[in-house]
Each structure stands twice: as C-alpha cells, then as structure tokens.
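See below for upload34.cif, which holds mmCIF, C-alpha atoms.
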```cif
data_my_file
loop_
_atom_site.label_atom_id
_atom_site.label_comp_id
_atom_site.auth_asym_id
_atom_site.auth_seq_id
_atom_site.Cartn_x
_atom_site.Cartn_y
_atom_site.Cartn_z
CA MET A 1298 -146.89 143.01 -104.43
CA LEU A 1299 -147.78 142.81 -100.75
CA ARG A 1300 -151.32 141.75 -99.93
CA TYR A 1301 -153.50 142.37 -96.90
CA SER A 1302 -154.28 139.19 -95.03
CA THR A 1303 -157.79 137.73 -94.94
CA ALA A 1304 -156.82 134.84 -92.64
CA PRO A 1305 -159.47 133.48 -90.23
CA LEU A 1306 -159.25 134.21 -86.52
CA SER A 1307 -157.78 130.77 -85.91
CA SER A 1308 -154.68 131.85 -87.84
CA LEU A 1309 -154.55 135.57 -87.12
CA ARG A 1310 -150.77 135.74 -86.92
CA SER A 1311 -150.11 137.49 -90.18
CA ILE A 1312 -146.62 136.24 -90.99
CA SER A 1313 -146.43 132.64 -92.24
CA ARG A 1314 -143.06 131.06 -91.64
CA GLY A 1315 -141.69 127.58 -91.34
CA PRO A 1316 -139.55 126.21 -88.50
CA ARG A 1317 -136.70 128.52 -87.62
CA TRP A 1318 -133.40 127.89 -85.87
CA THR A 1319 -132.93 130.22 -82.91
CA PRO A 1320 -129.41 130.90 -81.59
CA PRO A 1321 -128.84 129.76 -77.99
CA PHE A 1322 -128.26 133.31 -76.75
CA LEU A 1323 -131.70 134.25 -78.04
CA ARG A 1324 -133.40 131.23 -76.49
CA SER A 1325 -132.15 132.30 -73.09
CA PHE A 1326 -134.14 135.56 -73.05
CA SER A 1327 -137.11 133.92 -71.34
CA ALA A 1328 -135.55 130.75 -69.99
CA THR A 1329 -137.09 131.30 -66.55
CA ALA A 1330 -140.52 132.39 -67.78
CA ALA A 1331 -143.55 130.77 -66.17
CA ALA A 1332 -145.70 128.25 -68.03
CA LYS A 1333 -147.55 130.07 -70.77
CA GLY A 1334 -151.29 130.58 -71.02
CA PRO A 1335 -153.04 131.75 -74.21
CA LEU A 1336 -152.15 135.43 -73.82
CA LEU A 1337 -148.51 134.93 -72.89
CA ASP A 1338 -148.20 132.36 -75.66
CA ALA A 1339 -149.41 134.87 -78.28
CA ILE A 1340 -147.10 137.62 -77.03
CA ALA A 1341 -144.10 135.33 -76.59
CA TYR A 1342 -144.58 134.11 -80.16
CA ASP A 1343 -144.05 137.67 -81.37
CA HIS A 1344 -141.02 138.08 -79.11
CA ARG A 1345 -139.37 134.98 -80.58
CA GLU A 1346 -140.04 136.24 -84.10
CA LEU A 1347 -138.42 139.59 -83.31
CA GLU A 1348 -135.42 137.90 -81.74
CA SER A 1349 -134.97 135.68 -84.80
CA TYR A 1350 -134.46 138.71 -87.08
CA GLN A 1351 -131.42 139.95 -85.17
CA PRO A 1352 -128.80 137.79 -86.97
CA HIS A 1353 -130.03 139.13 -90.31
CA ILE A 1354 -129.57 142.76 -89.27
CA VAL A 1355 -126.07 142.55 -87.80
CA SER A 1356 -123.12 140.17 -88.20
CA ASN A 1357 -121.73 141.59 -91.46
CA LYS A 1358 -124.81 140.84 -93.54
CA SER A 1359 -125.29 142.55 -96.90
CA SER A 1360 -126.89 146.00 -96.97
CA GLU A 1361 -129.93 144.64 -98.77
CA GLU A 1362 -130.48 141.84 -96.26
CA ARG A 1363 -130.09 144.28 -93.37
CA ILE A 1364 -132.68 146.65 -94.82
CA ARG A 1365 -135.17 143.92 -95.64
CA TYR A 1366 -135.03 142.47 -92.13
CA ARG A 1367 -134.88 145.90 -90.52
CA ASN A 1368 -138.15 146.71 -92.29
CA LEU A 1369 -139.65 143.44 -91.08
CA PHE A 1370 -138.43 144.08 -87.53
CA VAL A 1371 -140.01 147.56 -87.55
CA TRP A 1372 -143.23 146.19 -89.06
CA GLU A 1373 -143.58 143.51 -86.41
CA LEU A 1374 -142.50 145.53 -83.36
CA ALA A 1375 -144.62 148.60 -84.18
CA ARG A 1376 -147.80 146.52 -84.49
CA HIS A 1377 -146.98 144.43 -81.44
CA SER A 1378 -146.35 147.47 -79.24
CA VAL A 1379 -149.58 149.24 -80.13
CA ALA A 1380 -151.62 146.06 -79.62
CA GLU A 1381 -150.13 145.60 -76.15
CA GLU A 1382 -150.89 149.20 -75.22
CA LEU A 1383 -154.49 148.99 -76.45
CA ILE A 1384 -155.38 145.51 -75.18
CA VAL A 1385 -152.94 144.10 -72.62
CA TYR A 1386 -151.99 147.08 -70.48
CA PRO A 1387 -155.60 148.19 -69.87
CA ALA A 1388 -156.29 144.60 -68.74
CA MET A 1389 -153.42 144.89 -66.24
CA GLU A 1390 -154.89 148.13 -64.89
CA LYS A 1391 -158.33 146.54 -64.57
CA HIS A 1392 -157.45 143.22 -62.99
CA LEU A 1393 -154.25 143.72 -60.95
CA GLU A 1394 -153.91 145.64 -57.70
CA ASP A 1395 -150.61 147.11 -58.86
CA GLY A 1396 -151.71 147.05 -62.50
CA HIS A 1397 -151.59 150.81 -62.98
CA ASP A 1398 -147.94 151.05 -61.98
CA MET A 1399 -147.07 147.91 -63.94
CA ALA A 1400 -148.78 149.14 -67.10
CA TRP A 1401 -147.08 152.54 -66.94
CA LYS A 1402 -143.71 150.90 -66.34
CA ASP A 1403 -144.25 148.89 -69.53
CA ARG A 1404 -145.50 151.95 -71.42
CA ASP A 1405 -142.37 153.86 -70.40
CA GLN A 1406 -140.20 150.99 -71.65
CA HIS A 1407 -142.19 151.02 -74.88
CA GLN A 1408 -141.63 154.74 -75.31
CA THR A 1409 -137.85 154.31 -75.14
CA ILE A 1410 -138.06 151.45 -77.65
CA LYS A 1411 -140.36 153.44 -79.97
CA GLU A 1412 -137.97 156.39 -80.03
CA GLN A 1413 -135.06 154.10 -80.93
CA LEU A 1414 -137.18 152.29 -83.51
CA TYR A 1415 -138.12 155.61 -85.08
CA ARG A 1416 -134.42 156.44 -85.50
CA LEU A 1417 -133.64 152.99 -86.86
CA GLN A 1418 -136.41 153.00 -89.46
CA LYS A 1419 -134.94 156.12 -91.09
CA LEU A 1420 -131.31 154.93 -91.32
CA GLU A 1421 -129.60 153.39 -94.31
CA ALA A 1422 -127.71 150.15 -93.73
CA GLU A 1423 -124.39 151.87 -94.55
CA ASP A 1424 -124.94 154.58 -91.94
CA PRO A 1425 -122.38 154.23 -89.12
CA ASP A 1426 -125.24 154.71 -86.61
CA PHE A 1427 -127.27 151.82 -88.04
CA GLU A 1428 -125.80 148.95 -86.05
CA PRO A 1429 -125.28 150.85 -82.75
CA THR A 1430 -128.87 152.10 -82.92
CA PHE A 1431 -130.17 148.61 -83.51
CA ASN A 1432 -128.00 147.10 -80.77
CA ASN A 1433 -129.18 149.65 -78.19
CA LEU A 1434 -132.79 149.05 -79.21
CA PHE A 1435 -132.36 145.29 -79.10
CA SER A 1436 -130.79 145.43 -75.64
CA ASP A 1437 -133.72 147.47 -74.28
CA LEU A 1438 -136.14 145.07 -75.98
CA GLN A 1439 -134.49 142.10 -74.26
CA ARG A 1440 -135.03 143.67 -70.84
CA HIS A 1441 -138.64 144.49 -71.67
CA VAL A 1442 -139.28 140.95 -72.89
CA ARG A 1443 -137.91 139.49 -69.65
CA ASP A 1444 -140.09 141.79 -67.54
CA GLU A 1445 -143.22 140.84 -69.45
CA GLU A 1446 -142.65 137.11 -69.79
CA GLU A 1447 -141.24 136.42 -66.36
CA HIS A 1448 -143.32 138.79 -64.22
CA ASP A 1449 -146.05 140.97 -65.72
CA LEU A 1450 -147.92 138.56 -67.98
CA PRO A 1451 -147.79 135.52 -65.64
CA LYS A 1452 -149.21 137.75 -62.91
CA LEU A 1453 -152.05 138.90 -65.19
CA GLU A 1454 -152.78 135.36 -66.38
CA ALA A 1455 -153.00 134.14 -62.78
CA GLN A 1456 -155.96 136.49 -62.22
CA LEU A 1457 -158.00 135.50 -65.28
CA ASP A 1458 -159.79 132.34 -66.37
CA GLU A 1459 -159.06 130.53 -69.61
CA ASP A 1460 -161.95 132.07 -71.56
CA SER A 1461 -160.88 135.59 -70.61
CA LEU A 1462 -157.30 134.90 -71.65
CA VAL A 1463 -158.39 133.45 -74.99
CA HIS A 1464 -160.55 136.53 -75.57
CA LEU A 1465 -157.62 138.83 -74.76
CA SER A 1466 -155.24 136.93 -77.02
CA LYS A 1467 -157.70 137.08 -79.94
CA SER A 1468 -158.25 140.81 -79.35
CA PHE A 1469 -154.48 141.29 -79.30
CA GLU A 1470 -154.10 139.52 -82.68
CA ARG A 1471 -157.03 141.41 -84.23
CA THR A 1472 -155.63 144.73 -83.08
CA LYS A 1473 -152.29 144.01 -84.75
CA LEU A 1474 -154.12 143.76 -88.08
CA LEU A 1475 -155.31 147.37 -87.66
CA ALA A 1476 -152.20 148.84 -86.03
CA PRO A 1477 -149.58 151.14 -87.59
CA THR A 1478 -146.59 149.35 -89.10
CA ARG A 1479 -144.05 152.09 -88.35
CA SER A 1480 -142.98 153.71 -85.11
CA HIS A 1481 -144.82 156.90 -84.11
CA PRO A 1482 -143.26 157.90 -80.76
CA LEU A 1483 -145.22 161.17 -80.51
CA SER A 1484 -148.60 159.41 -80.64
CA PRO A 1485 -150.72 159.09 -77.47
CA ARG A 1486 -149.95 156.03 -75.33
CA THR A 1487 -153.37 155.16 -73.90
CA PRO A 1488 -156.86 154.54 -75.31
CA PRO A 1489 -159.03 156.11 -76.55
CA PHE A 1490 -156.58 158.66 -77.98
CA GLU A 1491 -154.04 156.02 -79.00
CA THR A 1492 -156.81 154.09 -80.75
CA ALA A 1493 -157.74 157.13 -82.82
CA ALA A 1494 -154.11 157.91 -83.65
CA ALA A 1495 -153.49 154.29 -84.69
CA LEU A 1496 -156.51 154.24 -87.00
CA LEU A 1497 -155.23 157.42 -88.69
CA SER A 1498 -151.61 156.29 -89.03
CA ALA A 1499 -152.11 152.66 -90.05
CA PRO A 1500 -153.52 153.19 -93.58
CA ILE A 1501 -150.67 155.57 -94.47
CA ASP A 1502 -148.07 153.13 -93.16
CA LYS A 1503 -149.59 150.20 -95.02
CA VAL A 1504 -149.67 152.01 -98.35
CA ALA A 1505 -146.00 152.92 -97.91
CA ASP A 1506 -145.21 149.27 -97.05
CA ILE A 1507 -146.07 148.33 -100.62
CA PHE A 1508 -142.95 150.18 -101.75
CA ARG A 1509 -140.62 148.87 -99.01
CA LYS A 1510 -138.39 145.85 -99.35
CA PHE A 1511 -139.05 142.86 -97.11
CA PRO A 1512 -137.43 139.41 -96.96
CA LYS A 1513 -138.66 137.30 -99.86
CA GLU A 1514 -139.30 134.21 -97.74
CA ASP A 1515 -140.01 135.64 -94.28
CA GLY A 1516 -141.78 138.83 -95.30
CA PRO A 1517 -145.30 139.80 -94.25
CA THR A 1518 -148.49 139.07 -96.13
CA LEU A 1519 -150.23 142.42 -95.78
#
```

Could the structure of this file be written out as structure tokens, please?
Amino acid sequence: MLRYSTAPLSSLRSISRGPRWTPPFLRSFSATAAAKGPLLDAIAYDHRELESYQPHIVSNKSSEERIRYRNLFVWELARHSVAEELIVYPAMEKHLEDGHDMAWKDRDQHQTIKEQLYRLQKLEAEDPDFEPTFNNLFSDLQRHVRDEEEHDLPKLEAQLDEDSLVHLSKSFERTKLLAPTRSHPLSPRTPPFETAAALLSAPIDKVADIFRKFPKEDGPTL
C-alpha cells in the first residue's frame, strides 16, 4: 500500500531513487543552462526525473510498464506544475521587471501541457493515441524545460540572495506535498484561487492513487 511521506524538510523530495542512467538525448535538454542555485537545482531535479521516465513509456515496453510509469509521470508532473504556479511564478512577478509577462508565458505553456496530460492520464496503454499523445506532451515539456532552465530561472536567481532562494526552494518542495497528483486543466492558474482548488483536489487524487499501479522500485512513497 502507498504511504504518505513524513520525511523531514532536509529530504522533502518524496520519491527515493538510486542513481539512474540518463540517455544522452535526455541529458542535452539543459546542456546550456546556467550554473544552478538552490531553486533551479530543486526544479531541475524534477525535470531530470520526468525525463528519465520517457524510455519506460515508449520504445515497445509492455503495457503494464507503460501504465506504471505513465502514472508516475502524471503524479510527478502534476505536483511540480502546481508548485511552480503557486511559488515560483509569483516570485517572478514580484522580483523581475518583465516577471509578469514571463510568468504568464510559463503559465500558458503549463496549460498546454496540462491539457495533454489530462488526455494521457485517461488512456490505456493499448490505445493507438497513447504514444502520440505522450510524444506531443513530452516535446512541449522539453521546450518548457529549456525556457525555464536556460532563461527564466537563472534570471530570477540573479535577483535574489541565497537565503531567499533557499526559502523559495523549500516552499516549492512543501507545496508539492500538498498539491494534486493528477492534471486538472480547468482549475484556476493563479493564487489564491489555484491554492483553494489544489487543496480541494489533492485529497481526492491521493486516495485514488492508492488503487493505481506505480513502478515497484521507482514508485512514490505517498
């Protein structure tokens, strides 16, 4: 049975995994990214995790493996997206001169990804739309990751001191613990309305997660 994590703040990332081989074409997603500070490091960690699931969802894998890793991909990306929208994008709007436009550009990218994720989370592995839907989603995610890691987040980190960045990264990780674990593309996209919607959706998602299949070794501790 899946369990909800009680990990301390020093280990808030709620999936425990060992070293993982990453294919070269995945490593290249952020090859030109600037040196990471605490916030970019936390977000990039999630991005690498999401990228590492891709080989398990495509490439002629079994239906069961596809579904298990699809569920894990949805679980991770849904939480990550909401945490960015509640913590990171408001910080862009507050601290950057062009932060409003940057944050809404990222929210619009998120909306496209959420809509594709919503379609993916309902498909069976044998559905002919399963792999095309995932591939389209993954391609959009790659572009979003590059924008964030190579431009948006380095620009935000350049405006903040170390303590502020550590605080933001911890808030980001805490928020993921409370965020929905499925895609809800019709939910509001800004606080405080998104916060309220997330608090309503998350408990329902987490109860349903108990009955979903996840990878036996890489799956979440909920």

Next on the checklist: Residues near A:Leu1453, anyone? I mean within 12 Å using only C-alpha atoms, not counting same-chain ones fewer than 2 positions away, as a PyMOL selection string.
Outcome noted: chain A and resi 1331+1333-1337+1385-1396+1399-1400+1445-1451+1455-1459+1461-1462+1465

Checklist outcome for this item: note - atom CA of A:Glu1373 and atom CA of A:Leu1474 are separated by 10.7 Å

Checklist entry - Given the file above and the PyMOL selection byres ((chain A and resi 1433) around 12), which residues are selected, and can you give them as a list in words? => result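 Matching residues under the PyMOL selection byres ((chain A and resi 1433) around 12) are Thr1409, Ile1410, Lys1411, Glu1412, Gln1413, Leu1414, Arg1416, Leu1417, Asp1426, Phe1427, Glu1428, Pro1429, Thr1430, Phe1431, Asn1432, Leu1434, Phe1435, Ser1436, Asp1437, Leu1438, Gln1439 and Arg1440 of chain A.
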
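With all atoms listed in the file as the basis for measurement, A:Asp1502 is the residue among A:Asp1502, A:Glu1346, A:Glu1514, A:Asp1460 that approaches A:His1481 most closely.
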
Checklist entry - Written as a ChimeraX atom specification, what is the full residue list that the PyMOL selection byres ((chain A and resi 1351-1360) around 10) yields on the file shown? => result /A:1319-1320,1323,1346-1350,1361-1368,1370,1421-1423,1427-1429,1431-1432,1435,1512

Next on the checklist: If I take atom CA of A:Pro1485 and atom CA of A:Gly1516, how far is one from the other in Å, to one decimal?
Outcome noted: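 Distance between the two atoms: 28.4 Å.
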
Checklist entry - Pick from A:Leu1369, A:Ala1375, A:Ala1493, A:Ile1384: nearest to A:Ser1466, with all atoms listed in the file counted? => result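 With all atoms listed in the file as the atom set, the closest residue is A:Ile1384.
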
Checklist entry - Could you work out how far atom CA of A:Ser1480 lies from atom CA of A:Tyr1415, giving the answer in Å with one decimal? => result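 These two atoms are separated by 5.2 Å.
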
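Take the candidates A:Gln1418, A:Thr1492, A:Ser1498, A:Gln1408 and check each one against A:Thr1472 using only C-alpha atoms; the shortest distance goes to A:Thr1492.
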